[in-house]
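**Student:** Below are the structure tokens for one structure; questions will follow.
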Amino acid sequence: MPSVTLPPKENALFKRILKCYEHKQYRNGLKFCKQILSNPRFTEHGETLAMKGLTLNCLGKKDEAYELVRRGLRNDLKSHVCWHVYGLLQRSDKKYDEAIKCYRNALKWDKDNLQILRDLSLLQIQMRDLEGYRETRYQLLQLRPGQRASWIGYAVAYHLLEDFEMAAKIVEEFRKTQQTSPDKVDYEYSELLLYHNQILREAGLHKEALDHLNNYEKQMCDKLAVEETRGELLLKLERPEEASQVYRRLLERNPENWAYYQGLEKALKPGSVEEHQKIYEESWVRFPRGLVPRRLPLNFLTGEKFRDCLDSYLRMNFTKGCPPVFTTLKSLYTDREKVTIIEEVVLGYESCLKGSRMFSENDEGKEEPPTTLLWVQYFLAQHFDFIGQPALALEYINNAIDSTPTLIELFLVKAKIYKHAGNIKEAARWMDEAQALDTADRFINSKCAKYMLKAGLVKEAEEMCSKFTREGTSAVENLNEMQCMWFQTECALAYKSMNKLGEALKKCHEIERHFVEITDDQFDFHTYCMRKMTLRSYVDLLKLEDVLRQHPFYYKAARTAIHIYLALHDKPLTDDNKESQADTENLTDKELKKLRNKQRRAQKKAQLEEEKKNAEKEKQLKNQKKKKEDDDEEVGGPKEELIPDKLAKPESPLEEAVKFLIPLKNLVRSDIETHLLAFEIYFRKEKYLLMLQSIKRAVAIDPSNPWLHQCLVRFFKKVRDSAHLAEAVSTVVKQEISRLFGDSNPQSFNKNYLSRHSSCIPHRVAAAKMMVYLEPSSDKMACEIATALDESLSGRSIQICSDVLEALRSGQLGEGQQKAAEAYRASCHKIYPYCLAFMPPGYQDNSPAISANGDLSAGEHDDLTHEL
């Protein structure tokens with residue numbers, strides 16, 4: 001149907017519809033649409049129908065909007081407005097590829113429409129269609145050569161395509177059109193110059209970049225960036241004398257910056273340790289109060305020189321009372337000799353300070369303040385905790401707390417010691433004690449909430465966080481709104497350990513949504529950065545967004561979600577009532593009565609919480625409705641609600657797991673766990689070539705990894721046992737198996753692995769598990785290999801011992817290993833006396849339960865009453 005031209009009256013109304021849309025006056029826009037469409041001649045006017053649909057979409061009526069826009073498009077296929085509106089609708093639904101097609105169709109009928117070209121360029125840069133983006137920016141430059149954004153957008157397109165020479169030429173041509181006096185400070189012009197310099201550096205034109213920097217230095221506002229860039233360029237151009245002068249000037253500005261000392265070292269190129277040390281000795285004279293010039297030599301000094309330098313560094317810190325001094329030295333703990341010297345020096349301080357209030361008996365009567373001993377004990381507690389001696393660490397921290405019971409840092413360290421010793425509940429109690437000393441400190445509050453989550457106290461953690469969240473909404477919703485991912489990650493792990501898999505998955509999906517939101521938030525910057533000339537930051541943002549899902553928050557959430565989906569595939573959730581019925585069959589009458597009382601209390605508590613939640617939700621919905629009426633727009637309509645029960649019963653758990661895996665495979669290839677998780681998924685899907693790809697990539701990273709060994713043996717056995725492989729797949733797999741395993745069979749491959757790594761506990765455990773997997777009758781021997789805890793064996797830790805105990809109990813090391821499990825638990829308890837996982841069967845944690853206010857929980861009060 002051809003385009004219908006509206007008469008003047010209706011045309012004026014249509015223009016008013018466009019104006020209402022731009023000013024977000026949607027209800028008025030709908031009135032004007034109705035006026036045009038109520039005219040019998042224009043009931044099917046395509047562009048008006050499309051605009052009505054677009055307006056309804058902004059009011060959250062998505063289905064109706066799509067129907068109207070499609071109807072409008074059918075009535076007027078040659079209208080650029082209809083195609084543009086359809087593109088905007090697709091964009092609001094995040095169907096960017098479809099939106100790009102719509103914009104291209106719109107441009108067929110109006111090729112010079114600026115608004116459509118701008119919208120198209122935004123989607124192209126969002127989708128990283130850089131070739132298309134360059135073409136669109138070129139069209140915009142031809143249509144609007146006088147606009148700054150046209151030039152900048154075109155230059156950025158070439159920069160992202162790594163055609164640095166062309167990008168630099170465009171920026172230079174544009175710079176010539178900017179008339180500014182050399183003495184005038186113009187921030188935007190300064191940013192343009194610095195961006196030009198960045199392009200030259202990335203092109204490898206270091207000499208030209210340095211000349212450019214020297215020529216326009218006066219007009220660049222960011223003087224620090226200019227000096228740092230000059231230092232880097234002089235080093236690359238091998239002009240060390242000038243570079244050393246630059247880094248000395250930078251050190252005058254900030255003597256605590258590690259990077260400046262490293263730059264100075266590269267410039268001076270010290271040949272020996274003495275020359276190396278001389279650089280820092282000069283800094284001691286120039287910056288007598290500087291801590292970094294005293295800390296950095298500790299990296300390369302050894303023996304007595306190390307001792308002397310450490311002595312001066314520690315004395316300064318202990319006298320000042322500097323809490324993070326241990327953290328600054330932690331990187332030295334890979335060297336055993338240095339650890340021994342640190343221990344000797346600090347223990348020497350402690351004994352002298354106790355006796356004479358001096359660091360050393362040779363000091364000339366200069367007494368230290370009483371707090372110095374406190375900070376020495378604080379350091380020693382952290383030191384012994386780090387080297388795995390919790391009893392000594394607790395002794396020192398308790399002495400410190402006895403002398404100063406109001407210092408928060410001491411309680412913080414005590415909580416950390418208990419956490420590292422394996423008693424997270426005690427750690428959470430001490431962290432709660434720390435936050436009770438200063439309830440206005442947000443950091444301690446967050447730390448306490450994190451420890452509570454690790455201890456499985458989810459409700460208490462939520463209450464703790466509610467002290468700092470917005471009033472009127474629940475803490476969990478507010479933290480989700482604020483994208484507080486550390487809380488959600490810990491929540492997911494807590495729910496997973498409590499076997500509440502649906503709740504854990506909900507948190508993982510919330511984190512995934514945050515990353516989607518962060519990606520979508522780029523839209524705000526594509527135009528803003530061009531307008532404000534923050535081009536260096538803009539290019540950095542685009543590069544960051546490309547690797548966004550490398551972030552540890554996403555990695556942790558994805559890994560947790562994949563593990564849960566694998567567990568759901570292996571053992572799908574069954575009806576809760578059947579499970580609870582099976583559990584109660586084995587209980588005595590007394591135990592059953594106690595359980596029923598507990599369940600009744602829990603049910604009552606859950607009911608109260610549900611009522612509270614519903615009241616909060618109602619209140620929130622009222623606020624949202626009011627806000628919606630005032631605000632007018634809800635972009636893309638409401639999101640699908642994440643329901644834990646629904647998430648815990650997916651139709652295809654492995655397909656859901658793959659969704660989390662794909663970003664990891666693309667961005668976290670260097671981590672072996674990515675490929676091992678991929679193997680676990682493909683093993684269950686029986687995708688042999690993808691299994692092979694995963695283990696080959698893993699072997700390239702760490703061929704002796706214990707988990708990888710288990711994957712290799714399982715793969716070897718699965719291939720050997722499968723008779724229905726396709727011929728092409730079978731040929732490839734057999735060829736690669738001979739490369740990976742040689743002529744051996746799975747049993748001999750496992751045996752060789754054990755003999756190669758017989759002195760390492762994690763490797764022994766992996767080999768033992770595979771021994772039982774291949775030959776269930778070899779469980780006794782496997783149990784002996786896995787449960788060895790000799791001092792001569794390396795890799796012993798609470799985590800690996802807990803895994804072995806769990807394997808014994810779950811039957812991974814053979815059926816009926818209860819006696820062996822109890823004996824192993826007792827052995828582990830002797831080595832790790834504080835760890836909850838190895839406590840005797842009758843052990844009960846008698847300390848009172850914590851709540852966010854430090855009170856006993858209601859349930860505990862009831863139990864105490866019954867006992868009394």
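Every chain in the structure tokens takes a letter, A first, then B, and so on in the order presented; its residues are numbered from 1, and the ligands are numbered from 1 following the presented order.
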Determine which residues of region 417-505 of chain A receive a DSSP assignment of helix (DSSP H, G or I), computed from the backbone, and state them as a VMD selection string.
**Tutor:** chain A and resid 417 to 420 424 to 437 442 to 454 458 to 465 475 to 481 485 to 497 501 to 505
**Student:** Identify, on the basis of only C-alpha atoms, every residue whose closest approach to Pro650 (chain A) does not exceed 10 Å; exclude the query and any residue fewer than 2 positions from it along the same chain; express the result as a list in words.
**Tutor:**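 Here the answer would be Gly502, Tyr565, Leu568, His569, Pro572, Leu573, Asp645, Lys646, Leu647, Ala648, Ser652, Pro653, Leu654, Glu655 and Glu656 of chain A.
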**Student:** Residues within 10 Å of region 727-741 of chain A, please, as a ChimeraX atom specification. Count only C-alpha atoms; anything in the same chain fewer than 4 positions from it doesn't count.
**Tutor:** /A:687-689,691-692,695-696,699,712-713,715-716,719-720,722-723,745-746,748-749
**Student:** Provide the CA of Gly87 (chain A) to CA of Ala106 (chain A) distance in Å, to one decimal place.
**Tutor:**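 Between CA of Gly87 (chain A) and CA of Ala106 (chain A) the gap is 8.8 Å.
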